[in-house]
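Accompanying notes for the structure given below.
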Amino acid sequence: MWLWFYKLASPPYAYAVAAKLRPWLLWSAVILMAIAAYGGLVMAPMDYQQKDAFRIIYVHVPTATLSLTVYIVLAVSAGIGLIWRIKLAHAVAAACAPIGAWFTVLALATGSIWGKPMWGTWWEWDPRLTSELIQLFLYLGYMALRSSFDDTQRADRASAILAIVGVVNVPVVKYSVVWWNSLHQGPSISLTRESTITGSMLWPLLLMLLAFMLYFAAVLCDRIRAEILKRERNASWLNAAVETTAARA
Amino acid sequence: MAEFFNMGGYAGYVWSCYGLTLAVLLGNLWFARRDLASQVLRATRRSQTSGTAGDAS
């Protein structure tokens, strides 16, 4: 097990693994998304309060969840890179940022579109909405900080510290609807209690969540490979790896 | 069918959310691919111009 981790942390091996995994991740994500969208848009019954507008949940909740999950992956990778000085971990962290930022934009945008008919406003300075906006700024700040260094190693270390400090915002976003009296509704799914959403509405949501995670992993594969290429400028293994990719592309 | 697309009067809100999400998902995929392709191209050029070891810059 540990041996496998050491092997995976080596850039040539990770580069090859990412290339192999990507199509499997992507196509399973596409298939599951199609099934979940059918389940959510066609099969799930109408909500008694929100009518058909509740169907926005199937894109809003997965993107919002991923906006936090991706950040945790980013911060943990950055932490591993900082503590054990693993180059690949920093590459993973850097690769996460743009994907997570886009998920955050989507969560804010779909939430805003959902808020208009339900709350009567596109935007409110509410704890959940405000903390999610801060989440977007964290991603943007992380990327801006990285690009302000010419030296990759210094960029890795400085941005890793920002990423780790920024983790405090994740529980704030997650529990904002519980801690404060928020306009945003509370959680409907829970790991510890029974979910307050009926089965026919729930399964497309959980399936969509899984599909989004697979999609994230697929995009991450491409981004990690690009990051590895940026970093391993002088490695001789690159020539062989690049030639096989070029031949396939 | 028309009823399905109408989404009980919420068509504009529901479909714009799904459309936006689809667009960003495809965009993300495309940006990542383009970034990877340009890095592959640069690495290939490096390896061609300077033999096996790539340039030091």
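Labeling convention for the structure tokens: chains A, B, ... as they appear, residues from 1 per chain, ligands from 1 in order of appearance.
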Return as number ranges by chain the residues belonging to chain B that are within 9 Å of chain A, counting only C-alpha atoms.
-> B: 4, 7-11, 13-18, 20-21, 24-25, 28-29, 32-33, 35-44, 46-48, 52-57
DSSP-assigned alpha helix (DSSP H) members of chain B, reported as a PyMOL selection string = chain B and resi 2-6+11-49
Filtering to N, CA and C atoms, could you give me those residues as a compact mmCIF listing (two decimals), in the first residue's frame?
```txt
# COMPACT_ATOMS: atom_id res chain seq x y z
N ALA B 2 -44.47 19.66 -24.21
CA ALA B 2 -44.43 21.11 -24.00
C ALA B 2 -44.52 21.41 -22.50
N GLU B 3 -45.29 20.58 -21.82
CA GLU B 3 -45.47 20.74 -20.38
C GLU B 3 -44.13 20.54 -19.66
N PHE B 4 -43.39 19.54 -20.15
CA PHE B 4 -42.08 19.26 -19.56
C PHE B 4 -41.14 20.46 -19.73
N PHE B 5 -41.13 21.01 -20.94
CA PHE B 5 -40.22 22.14 -21.17
C PHE B 5 -40.67 23.40 -20.45
N ASN B 6 -41.95 23.48 -20.18
CA ASN B 6 -42.48 24.66 -19.51
C ASN B 6 -42.11 24.70 -18.02
N ALA B 11 -39.69 27.65 -16.45
CA ALA B 11 -38.78 27.23 -17.52
C ALA B 11 -37.52 28.07 -17.58
N GLY B 12 -37.68 29.39 -17.56
CA GLY B 12 -36.53 30.29 -17.68
C GLY B 12 -35.49 30.04 -16.59
N TYR B 13 -35.96 29.86 -15.38
CA TYR B 13 -35.04 29.65 -14.27
C TYR B 13 -34.38 28.27 -14.32
N VAL B 14 -35.21 27.24 -14.51
CA VAL B 14 -34.68 25.87 -14.49
C VAL B 14 -33.72 25.65 -15.65
N TRP B 15 -34.15 25.99 -16.87
CA TRP B 15 -33.30 25.69 -18.02
C TRP B 15 -32.06 26.55 -18.08
N SER B 16 -32.13 27.79 -17.59
CA SER B 16 -30.91 28.59 -17.59
C SER B 16 -29.89 28.00 -16.62
N CYS B 17 -30.36 27.45 -15.49
CA CYS B 17 -29.43 26.80 -14.56
C CYS B 17 -28.76 25.58 -15.19
N TYR B 18 -29.57 24.75 -15.84
CA TYR B 18 -29.00 23.55 -16.46
C TYR B 18 -28.10 23.91 -17.64
N GLY B 19 -28.51 24.90 -18.42
CA GLY B 19 -27.71 25.33 -19.57
C GLY B 19 -26.37 25.89 -19.13
N LEU B 20 -26.42 26.74 -18.11
CA LEU B 20 -25.21 27.36 -17.58
C LEU B 20 -24.25 26.30 -17.05
N THR B 21 -24.81 25.35 -16.31
CA THR B 21 -23.98 24.29 -15.73
C THR B 21 -23.31 23.48 -16.84
N LEU B 22 -24.10 23.10 -17.84
CA LEU B 22 -23.55 22.33 -18.95
C LEU B 22 -22.43 23.11 -19.65
N ALA B 23 -22.68 24.40 -19.87
CA ALA B 23 -21.68 25.22 -20.55
C ALA B 23 -20.38 25.28 -19.76
N VAL B 24 -20.48 25.48 -18.46
CA VAL B 24 -19.26 25.57 -17.64
C VAL B 24 -18.55 24.23 -17.57
N LEU B 25 -19.33 23.13 -17.47
CA LEU B 25 -18.70 21.80 -17.44
C LEU B 25 -17.91 21.55 -18.73
N LEU B 26 -18.52 21.88 -19.86
CA LEU B 26 -17.82 21.68 -21.15
C LEU B 26 -16.62 22.62 -21.25
N GLY B 27 -16.81 23.86 -20.81
CA GLY B 27 -15.73 24.83 -20.86
C GLY B 27 -14.51 24.39 -20.05
N ASN B 28 -14.79 23.90 -18.85
CA ASN B 28 -13.74 23.41 -17.97
C ASN B 28 -12.93 22.30 -18.61
N LEU B 29 -13.67 21.39 -19.23
CA LEU B 29 -13.05 20.25 -19.90
C LEU B 29 -12.15 20.74 -21.04
N TRP B 30 -12.70 21.71 -21.79
CA TRP B 30 -11.98 22.22 -22.94
C TRP B 30 -10.75 23.02 -22.53
N PHE B 31 -10.89 23.87 -21.52
CA PHE B 31 -9.75 24.66 -21.04
C PHE B 31 -8.61 23.75 -20.57
N ALA B 32 -8.98 22.70 -19.83
CA ALA B 32 -7.96 21.79 -19.29
C ALA B 32 -7.24 21.07 -20.43
N ARG B 33 -8.03 20.64 -21.44
CA ARG B 33 -7.45 19.96 -22.61
C ARG B 33 -6.49 20.88 -23.36
N ARG B 34 -6.95 22.15 -23.55
CA ARG B 34 -6.15 23.10 -24.31
C ARG B 34 -4.84 23.40 -23.60
N ASP B 35 -4.93 23.54 -22.27
CA ASP B 35 -3.76 23.80 -21.46
C ASP B 35 -2.77 22.64 -21.57
N LEU B 36 -3.31 21.42 -21.47
CA LEU B 36 -2.46 20.22 -21.57
C LEU B 36 -1.82 20.14 -22.95
N ALA B 37 -2.61 20.40 -24.01
CA ALA B 37 -2.08 20.31 -25.36
C ALA B 37 -0.95 21.31 -25.57
N SER B 38 -1.10 22.53 -25.02
CA SER B 38 -0.05 23.53 -25.22
C SER B 38 1.21 23.15 -24.44
N GLN B 39 1.03 22.53 -23.27
CA GLN B 39 2.20 22.09 -22.50
C GLN B 39 2.91 20.93 -23.20
N VAL B 40 2.12 20.02 -23.81
CA VAL B 40 2.70 18.90 -24.54
C VAL B 40 3.52 19.43 -25.72
N LEU B 41 2.92 20.44 -26.40
CA LEU B 41 3.59 21.03 -27.56
C LEU B 41 4.92 21.66 -27.15
N ARG B 42 4.90 22.40 -26.03
CA ARG B 42 6.13 23.07 -25.58
C ARG B 42 7.19 22.05 -25.18
N ALA B 43 6.75 20.99 -24.50
CA ALA B 43 7.70 19.96 -24.07
C ALA B 43 8.29 19.24 -25.29
N THR B 44 7.44 19.01 -26.30
CA THR B 44 7.92 18.35 -27.51
C THR B 44 8.97 19.21 -28.20
N ARG B 45 8.67 20.52 -28.30
CA ARG B 45 9.61 21.44 -28.94
C ARG B 45 10.94 21.46 -28.20
N ARG B 46 10.84 21.49 -26.86
CA ARG B 46 12.06 21.49 -26.04
C ARG B 46 12.90 20.26 -26.31
N SER B 47 12.23 19.12 -26.37
CA SER B 47 12.99 17.88 -26.54
C SER B 47 13.58 17.79 -27.94
N GLN B 48 12.90 18.39 -28.93
CA GLN B 48 13.42 18.33 -30.29
C GLN B 48 14.59 19.27 -30.50
N THR B 49 14.52 20.47 -29.90
CA THR B 49 15.58 21.45 -30.14
C THR B 49 16.86 21.14 -29.40
```
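By only C-alpha atoms, and with residues fewer than 2 positions from Ala36 in chain A along its chain excluded, the set lying at most 9 Å from it is Ile31, Leu32, Met33, Ala34, Tyr38, Gly39, Gly40, Leu41, Tyr58, Trp203, Pro204, Leu205, Leu206, Leu207, Met208 and Ala211 of chain A.
Between CA of Ala93 in chain A and CA of Ala75 in chain A the interatomic distance comes to 6.8 Å.
Residues surrounding range 127-141 of chain A within 6 Å are Ala97, Ala101, Thr104, Leu145, Val173 and Ser176 of chain A [only C-alpha atoms; sequence separation below 4 positions excluded].
Here CA of Val17 in chain A is placed at a distance of 28.1 Å from CA of Ile161 in chain A.
Between CA of Gln49 in chain A and CA of Leu68 in chain A the separation is 28.0 Å.
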